[in-house]
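Here is the file target_17.cif (mmCIF, C-alpha atoms and all ligand atoms).
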```cif
data_model
#
loop_
_atom_site.label_atom_id
_atom_site.label_comp_id
_atom_site.auth_asym_id
_atom_site.auth_seq_id
_atom_site.Cartn_x
_atom_site.Cartn_y
_atom_site.Cartn_z
CA MET A 39 -9.64 7.26 -7.89
CA GLU A 40 -12.23 8.36 -5.34
CA SER A 41 -11.13 10.47 -2.44
CA VAL A 42 -10.60 8.72 0.87
CA ILE A 43 -10.77 10.07 4.41
CA VAL A 44 -8.64 8.42 7.08
CA ALA A 45 -9.05 9.26 10.79
CA ILE A 46 -6.19 8.35 13.14
CA ASP A 47 -6.78 8.91 16.85
CA GLY A 48 -5.08 7.91 20.08
CA PRO A 49 -3.14 9.25 23.04
CA SER A 50 0.25 10.95 22.93
CA GLY A 51 3.28 8.97 21.74
CA THR A 52 1.34 6.17 20.08
CA GLY A 53 2.75 7.12 16.67
CA LYS A 54 -0.13 9.14 15.18
CA SER A 55 1.96 11.88 13.55
CA SER A 56 4.70 9.66 12.14
CA THR A 57 2.21 7.09 10.87
CA SER A 58 -0.22 9.64 9.41
CA LYS A 59 2.46 11.57 7.53
CA ALA A 60 3.98 8.41 6.07
CA VAL A 61 0.62 6.92 5.06
CA ALA A 62 -0.48 10.20 3.43
CA ALA A 63 2.83 10.51 1.55
CA GLU A 64 2.70 6.92 0.34
CA LEU A 65 -0.91 7.16 -0.85
CA GLY A 66 -0.73 10.70 -2.27
CA LEU A 67 -3.16 12.13 0.30
CA SER A 68 -3.17 15.39 2.25
CA TYR A 69 -2.31 15.37 5.96
CA LEU A 70 -3.70 17.32 8.91
CA ASP A 71 -2.24 17.43 12.43
CA THR A 72 -5.17 18.62 14.56
CA GLY A 73 -3.07 18.62 17.74
CA ALA A 74 -0.90 21.32 16.12
CA GLN A 75 -4.03 23.47 15.72
CA TYR A 76 -4.93 23.13 19.41
CA ARG A 77 -1.31 23.86 20.28
CA ALA A 78 -1.38 26.93 18.01
CA ILE A 79 -4.47 28.42 19.66
CA THR A 80 -2.94 27.69 23.08
CA TRP A 81 0.29 29.45 22.07
CA TRP A 82 -1.71 32.49 20.87
CA MET A 83 -3.58 32.64 24.23
CA LEU A 84 -0.29 32.49 26.16
CA THR A 85 1.48 35.10 24.04
CA ASN A 86 -1.52 37.44 24.27
CA GLY A 87 -1.75 37.28 28.04
CA ILE A 88 -5.06 35.40 28.20
CA ASP A 89 -5.61 33.57 31.48
CA VAL A 90 -5.69 29.96 30.29
CA ASP A 91 -7.19 28.87 33.61
CA ASP A 92 -10.31 30.91 32.80
CA PRO A 93 -12.54 29.11 30.25
CA SER A 94 -14.78 32.14 29.73
CA ALA A 95 -11.78 34.37 28.94
CA ILE A 96 -10.64 31.75 26.40
CA ALA A 97 -14.13 31.44 24.90
CA THR A 98 -14.44 35.21 24.42
CA VAL A 99 -11.31 35.53 22.26
CA CYS A 100 -10.96 32.12 20.61
CA ASP A 101 -12.27 33.36 17.23
CA LYS A 102 -9.47 35.93 16.95
CA PRO A 103 -6.31 34.06 15.88
CA VAL A 104 -6.06 33.13 12.22
CA ILE A 105 -4.80 29.55 12.18
CA GLU A 106 -3.58 28.06 8.90
CA SER A 107 -2.42 24.50 8.34
CA GLY A 108 -0.39 23.40 5.32
CA THR A 109 -1.42 19.86 4.42
CA ASP A 110 1.56 18.52 2.42
CA PRO A 111 2.64 15.41 4.40
CA LEU A 112 6.25 15.96 3.33
CA ALA A 113 6.29 19.55 4.64
CA PRO A 114 3.36 20.24 6.97
CA THR A 115 3.10 23.81 8.27
CA ILE A 116 1.18 25.67 10.95
CA SER A 117 0.90 29.44 11.24
CA VAL A 118 -0.91 31.86 13.52
CA ASP A 119 -1.77 35.33 12.18
CA GLY A 120 0.67 34.67 9.35
CA VAL A 121 3.58 33.76 11.63
CA ASP A 122 5.19 30.29 11.48
CA ALA A 123 4.29 28.62 14.80
CA SER A 124 5.82 25.19 14.23
CA GLY A 125 8.62 25.75 16.79
CA PRO A 126 6.83 27.61 19.60
CA ILE A 127 3.86 25.21 19.71
CA ARG A 128 6.15 22.38 20.86
CA THR A 129 7.48 24.01 24.05
CA ARG A 130 6.83 22.41 27.40
CA GLU A 131 4.71 25.39 28.44
CA VAL A 132 2.31 24.92 25.54
CA THR A 133 2.27 21.15 26.09
CA SER A 134 1.29 21.63 29.74
CA ARG A 135 -1.54 24.08 28.91
CA VAL A 136 -3.01 22.64 25.72
CA SER A 137 -5.42 20.22 27.42
CA ALA A 138 -7.09 23.03 29.39
CA VAL A 139 -7.48 25.26 26.33
CA SER A 140 -8.72 22.44 24.09
CA ALA A 141 -11.36 21.44 26.65
CA VAL A 142 -13.24 24.74 26.16
CA PRO A 143 -16.34 23.98 24.02
CA GLU A 144 -16.08 27.23 21.99
CA VAL A 145 -12.48 26.38 21.08
CA ARG A 146 -13.50 22.90 19.96
CA ALA A 147 -16.42 24.21 17.89
CA ARG A 148 -14.17 26.65 16.09
CA ILE A 149 -11.30 24.25 15.44
CA THR A 150 -13.65 21.41 14.45
CA GLU A 151 -15.22 23.61 11.78
CA LEU A 152 -11.77 24.51 10.47
CA GLN A 153 -10.84 20.81 10.31
CA ARG A 154 -13.99 19.88 8.38
CA THR A 155 -13.36 22.68 5.88
CA ILE A 156 -9.79 21.49 5.31
CA ALA A 157 -10.88 17.85 4.95
CA SER A 158 -13.59 18.66 2.43
CA ALA A 159 -11.14 20.70 0.33
CA ALA A 160 -8.67 17.79 -0.01
CA GLU A 161 -9.35 16.52 -3.52
CA LYS A 162 -7.62 13.16 -3.32
CA GLY A 163 -8.44 12.65 0.33
CA ILE A 164 -6.72 13.25 3.64
CA VAL A 165 -5.27 11.59 6.71
CA VAL A 166 -6.41 13.50 9.80
CA GLU A 167 -4.84 12.72 13.16
CA GLY A 168 -6.06 13.72 16.60
CA ARG A 169 -8.17 12.64 19.54
CA ASP A 170 -11.78 12.98 18.33
CA ILE A 171 -11.56 12.68 14.56
CA GLY A 172 -13.33 9.32 14.23
CA THR A 173 -15.93 10.14 16.88
CA THR A 174 -16.79 13.79 16.26
CA VAL A 175 -14.91 15.67 13.54
CA LEU A 176 -15.30 13.18 10.68
CA PRO A 177 -17.63 10.41 11.89
CA ALA A 178 -18.20 9.30 8.29
CA ALA A 179 -14.45 8.74 7.64
CA ASP A 180 -13.75 5.78 5.33
CA VAL A 181 -11.09 4.30 7.60
CA LYS A 182 -10.77 4.85 11.36
CA ILE A 183 -7.73 3.78 13.33
CA PHE A 184 -7.20 4.04 17.07
CA LEU A 185 -3.53 3.70 18.03
CA THR A 186 -2.52 2.64 21.54
CA ALA A 187 0.77 1.72 23.27
CA SER A 188 1.86 1.10 26.85
CA PRO A 189 2.65 4.23 28.90
CA GLU A 190 6.25 2.99 29.20
CA ALA A 191 6.70 2.73 25.43
CA ARG A 192 5.08 6.11 24.87
CA ALA A 193 7.19 7.87 27.51
CA ALA A 194 10.37 6.30 26.12
CA ARG A 195 9.50 7.50 22.61
CA ARG A 196 8.71 11.02 23.81
CA SER A 197 11.76 11.48 25.99
CA GLY A 198 13.92 10.12 23.17
CA GLU A 199 12.59 12.98 21.03
CA LEU A 200 13.14 15.71 23.61
CA LYS A 201 16.71 14.76 24.47
CA GLY A 202 19.04 17.71 24.04
CA LYS A 203 16.17 20.17 23.69
CA GLU A 204 14.70 20.42 27.15
CA ALA A 205 15.99 18.50 30.15
CA THR A 206 14.05 15.25 30.28
CA ASP A 207 13.50 12.56 32.76
CA LEU A 208 11.67 9.39 31.79
CA ALA A 209 9.54 9.27 34.95
CA ALA A 210 8.54 12.94 34.61
CA THR A 211 7.67 12.47 30.93
CA ARG A 212 5.55 9.44 31.86
CA GLU A 213 3.71 11.37 34.58
CA ALA A 214 3.06 14.36 32.31
CA LEU A 215 1.79 12.05 29.59
CA ILE A 216 -0.59 10.20 31.90
CA LYS A 217 -1.90 13.50 33.28
CA ARG A 218 -2.59 14.84 29.77
CA ASP A 219 -4.29 11.58 28.71
CA ALA A 220 -6.56 11.77 31.76
CA ALA A 221 -7.48 15.39 31.01
CA ASP A 222 -8.10 14.66 27.31
CA SER A 223 -10.15 11.50 28.04
CA GLY A 224 -12.07 13.04 30.91
CA ARG A 225 -13.25 16.30 29.37
CA LYS A 226 -16.97 16.76 28.67
CA THR A 227 -16.82 17.96 25.07
CA SER A 228 -15.56 15.46 22.53
CA PRO A 229 -13.07 13.54 24.70
CA LEU A 230 -10.25 11.31 23.46
CA ALA A 231 -12.09 8.08 22.63
CA LYS A 232 -12.08 5.17 20.23
CA ALA A 233 -15.00 5.22 17.78
CA ASP A 234 -17.03 2.00 17.86
CA ASP A 235 -16.10 1.29 14.25
CA ALA A 236 -12.37 2.13 14.60
CA VAL A 237 -9.68 -0.54 14.24
CA GLU A 238 -7.49 -0.56 17.35
CA VAL A 239 -3.78 -1.10 16.74
CA ASP A 240 -1.50 -1.62 19.76
CA THR A 241 1.89 -0.29 18.61
CA THR A 242 3.86 -1.22 21.76
CA ASP A 243 5.75 -4.05 20.08
CA LEU A 244 5.46 -2.93 16.47
CA THR A 245 8.03 -0.94 14.52
CA LEU A 246 6.87 2.29 12.89
CA LYS A 247 7.24 0.55 9.52
CA GLN A 248 4.88 -2.23 10.61
CA VAL A 249 2.27 0.28 11.80
CA ILE A 250 2.47 2.19 8.50
CA GLU A 251 2.09 -1.04 6.50
CA CYS A 252 -0.91 -2.04 8.58
CA VAL A 253 -2.70 1.28 8.02
CA VAL A 254 -1.84 1.41 4.29
CA ALA A 255 -3.28 -2.11 3.92
CA LEU A 256 -6.51 -1.09 5.65
CA VAL A 257 -6.88 1.97 3.41
CA GLU A 258 -6.18 -0.03 0.24
CA GLU A 259 -8.68 -2.67 1.29
CA LYS A 260 -11.30 0.02 1.76
CA ARG A 261 -10.50 1.65 -1.58
CA ALA A 262 -10.80 -1.69 -3.36
CA SER A 263 -14.26 -2.27 -1.91
CA LYS A 264 -15.58 1.23 -2.70
N1 LIG B 301 5.95 1.89 16.45
C1 LIG B 301 6.92 2.71 16.88
N2 LIG B 301 8.03 2.21 17.44
C2 LIG B 301 9.00 3.01 17.92
N3 LIG B 301 8.98 4.36 17.87
C3 LIG B 301 7.91 4.93 17.33
C4 LIG B 301 6.82 4.14 16.80
N4 LIG B 301 5.88 4.99 16.34
C5 LIG B 301 6.36 6.23 16.55
N5 LIG B 301 7.58 6.20 17.13
C6 LIG B 301 8.39 7.35 17.57
O1 LIG B 301 7.77 7.85 18.74
C7 LIG B 301 7.78 9.26 18.77
C8 LIG B 301 6.36 9.80 18.92
O2 LIG B 301 5.64 9.49 17.74
P1 LIG B 301 4.52 10.44 17.15
O3 LIG B 301 4.21 9.96 15.80
O4 LIG B 301 4.90 11.87 17.32
O5 LIG B 301 3.30 10.11 18.16
P2 LIG B 301 1.96 10.90 18.45
O6 LIG B 301 1.67 11.73 17.25
O7 LIG B 301 0.94 9.82 18.67
O8 LIG B 301 2.19 11.69 19.69
C9 LIG B 301 8.47 9.70 17.48
O9 LIG B 301 9.82 10.01 17.78
C10 LIG B 301 8.37 8.50 16.57
O10 LIG B 301 9.45 8.40 15.68
N1 LIG B 302 -8.26 16.28 17.88
C1 LIG B 302 -7.57 16.74 18.92
C2 LIG B 302 -6.16 16.81 18.87
C3 LIG B 302 -5.48 17.30 19.96
N2 LIG B 302 -6.17 17.73 21.05
C4 LIG B 302 -5.51 18.33 22.20
C5 LIG B 302 -5.25 17.35 23.31
C6 LIG B 302 -3.77 17.05 23.21
O1 LIG B 302 -3.21 16.78 24.49
C7 LIG B 302 -3.22 18.32 22.60
C8 LIG B 302 -1.95 18.20 21.79
O2 LIG B 302 -2.13 17.23 20.79
P1 LIG B 302 -0.86 16.61 20.02
O3 LIG B 302 -1.42 15.60 19.07
O4 LIG B 302 -0.01 17.69 19.48
O5 LIG B 302 -0.09 15.94 21.19
P2 LIG B 302 1.09 14.89 21.12
O6 LIG B 302 1.75 15.02 19.78
O7 LIG B 302 0.40 13.60 21.25
O8 LIG B 302 1.94 15.24 22.25
O9 LIG B 302 -4.26 18.85 21.80
C9 LIG B 302 -7.53 17.63 21.10
O10 LIG B 302 -8.15 17.98 22.10
N3 LIG B 302 -8.22 17.13 20.02
#
```
What is this structure when it is put down as structure tokens?
Ligand SMILES: Nc1ncnc2c1ncn2[C@@H]1O[C@H](COP(=O)(O)OP(=O)(O)O)[C@@H](O)[C@H]1O
Ligand SMILES: Nc1ccn([C@H]2C[C@H](O)[C@@H](COP(=O)(O)OP(=O)(O)O)O2)c(=O)n1
Amino acid sequence: MESVIVAIDGPSGTGKSSTSKAVAAELGLSYLDTGAQYRAITWWMLTNGIDVDDPSAIATVCDKPVIESGTDPLAPTISVDGVDASGPIRTREVTSRVSAVSAVPEVRARITELQRTIASAAEKGIVVEGRDIGTTVLPAADVKIFLTASPEARAARRSGELKGKEATDLAATREALIKRDAADSGRKTSPLAKADDAVEVDTTDLTLKQVIECVVALVEEKRASK
């Protein structure tokens, strides 16, 4: 069967990661979490004392960290300079700084190139999730999905996840989410946006299973017509 490239974009908490992993596993495809790569470079900047409020300081060093992504949807990995970064990239500090770091054009150029290399190496195809995959990273993707959900649903999903880890408050989660969406949508270089030819799926009132089924059906339809 021919390889297939699936781009899944959308704001935080719309279900990109859970949907992408499940679709890739079901269809035997690779999986790439591009947000994890931006989180990894942000974590490296913070641990190396780079001033993340200074775009030129970020641009000067952004080629240094070696970022590696494992693309098995059943066990995705992310490492920086050979060190497993899957835990540290999810802290609140990284989450609050990642939009600023990922807005720097040199960071985007570097990470975009990495993403294209990984996608072209995936023999059977790949599901790539992020913010600008359908618009910029892989504009020729076979299937493009743009997931949305109400801010209330997204905040409830996120704070459900964080419970027990870091003190959470639904209103604070909602505010932080809206702020990050605005930064990601408002940046100059490759902002969060729906590609003109992407299928928009509002997941507010859908179960995860329904979203997965919907995306699998779209991919199978595309494969059948290829
Ligand atoms: N349709 C859905 N209904 C309810 N919960 C969902 C749905 N999709 C995802 N979730 C849950 O919401 C949380 C955030 O989902 P995730 O896939 O990480 O979103 P994203 O990658 O877009 O930030 C996870 O805990 C996930 O299990
Ligand atoms: N393709 C991408 C993916 C993520 N980013 C940036 C912007 C996002 O706020 C951060 C973190 O993305 P991530 O998907 O991990 O965020 P959530 O899981 O939705 O909380 O990275 C990006 O600029 N471009």
| said: Counting only C-alpha atoms, I want the residues whose atoms come within 10 Å of (-15.7, 20.6, 17.3) in the file frame, returned as JSON, numbers by chain. | reply: {"A": [140, 143, 144, 145, 146, 147, 148, 149, 150, 151, 152, 153, 154, 170, 171, 174, 175, 176, 227, 228]}
| query | Hey, can you pull every residue with an atom no more than 9 Å from (-11.7, 12.2, 22.1), using all atoms listed in the file, and send it as a count of residues only? | reply | 20
| task | For ligand LIG 302 (chain B), collect every residue having any atom at a distance of at most 7 Å from a ligand atom (counting all atoms listed in the file); output as a ChimeraX atom specification. | result | /A:49-51,55,71-74,76-77,133,136-137,140-141,167-171,218-219,222
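Of the residues under consideration (A:Val239, A:Leu70, A:Thr129, A:Ala62), A:Val239 shows the shortest atom-to-atom contact distance to Thr186 of chain A when counting only C-alpha atoms.
Straight-line separation from atom CA of Asp235 of chain A to atom CA of Val257 of chain A: 14.2 Å.
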Test item: residues lying within 7 Å of ligand LIG 301 (chain B) with all atoms listed in the file, as a PDB file with C-alpha atoms, in the coordinates of the input:
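Written file, result_18.pdb:
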```
ATOM      1  CA  GLY A  48      -5.080   7.910  20.080  1.00  0.00           C
ATOM      2  CA  PRO A  49      -3.140   9.250  23.040  1.00  0.00           C
ATOM      3  CA  SER A  50       0.250  10.950  22.930  1.00  0.00           C
ATOM      4  CA  GLY A  51       3.280   8.970  21.740  1.00  0.00           C
ATOM      5  CA  THR A  52       1.340   6.170  20.080  1.00  0.00           C
ATOM      6  CA  GLY A  53       2.750   7.120  16.670  1.00  0.00           C
ATOM      7  CA  LYS A  54      -0.130   9.140  15.180  1.00  0.00           C
ATOM      8  CA  SER A  55       1.960  11.880  13.550  1.00  0.00           C
ATOM      9  CA  SER A  56       4.700   9.660  12.140  1.00  0.00           C
ATOM     10  CA  THR A  57       2.210   7.090  10.870  1.00  0.00           C
ATOM     11  CA  ARG A 192       5.080   6.110  24.870  1.00  0.00           C
ATOM     12  CA  ARG A 195       9.500   7.500  22.610  1.00  0.00           C
ATOM     13  CA  ARG A 196       8.710  11.020  23.810  1.00  0.00           C
ATOM     14  CA  GLY A 198      13.920  10.120  23.170  1.00  0.00           C
ATOM     15  CA  GLU A 199      12.590  12.980  21.030  1.00  0.00           C
ATOM     16  CA  THR A 241       1.890  -0.290  18.610  1.00  0.00           C
ATOM     17  CA  THR A 242       3.860  -1.220  21.760  1.00  0.00           C
ATOM     18  CA  ASP A 243       5.750  -4.050  20.080  1.00  0.00           C
ATOM     19  CA  LEU A 244       5.460  -2.930  16.470  1.00  0.00           C
ATOM     20  CA  THR A 245       8.030  -0.940  14.520  1.00  0.00           C
ATOM     21  CA  LEU A 246       6.870   2.290  12.890  1.00  0.00           C
ATOM     22  CA  VAL A 249       2.270   0.280  11.800  1.00  0.00           C
TER      23      VAL A 249
END
```
| message | I want to know what sits within 12 Å of Met83 of chain A, based on all atoms listed in the file, with residues of the same chain fewer than 3 positions away left out; could you give that as a PyMOL selection string? | response | chain A and resi 76-80+86-93+95-103+118+127+131-132+135-136+138-140+145
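Each of A:Gly163, A:Val61, A:Thr155, A:Trp81 was compared to Arg128 of chain A using all atoms listed in the file, and A:Trp81 turns out to be the nearest.
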| field | Glu64 of chain A surroundings by all atoms listed in the file, 12 Å radius, close-in-sequence under 2 positions cut, as an NGL selection string | value | :A and (57-62 or 66-69 or 110-112 or 164-165 or 250-251 or 253-255 or 257-258)
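Coordinates place atom CA of Pro126 of chain A at a distance of 15.8 Å from atom CA of Val104 of chain A.
One distance worth recording is that between atom CA of Lys247 of chain A and atom CA of Ala123 of chain A, which is 28.7 Å.
Of the residues under consideration (A:Ala45, A:Gly120, A:Leu208, A:Glu40), A:Glu40 shows the shortest atom-to-atom contact distance to Ser263 of chain A when counting all atoms listed in the file.
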| query | Which residue out of A:Gly108, A:Asp240, A:Ala63, A:Lys217 has the minimum interatomic distance to Ile156 of chain A when all atoms listed in the file are used? | reply | A:Gly108
Test item: axis-aligned box, all listed atoms of segment 175-184 of chain A, 5 Å on each side, centre and edges in Å rounded to one decimal, as JSON:
```
{"center_x": -12.7, "center_y": 9.7, "center_z": 11.2, "size_x": 21.0, "size_y": 21.9, "size_z": 21.7}
```
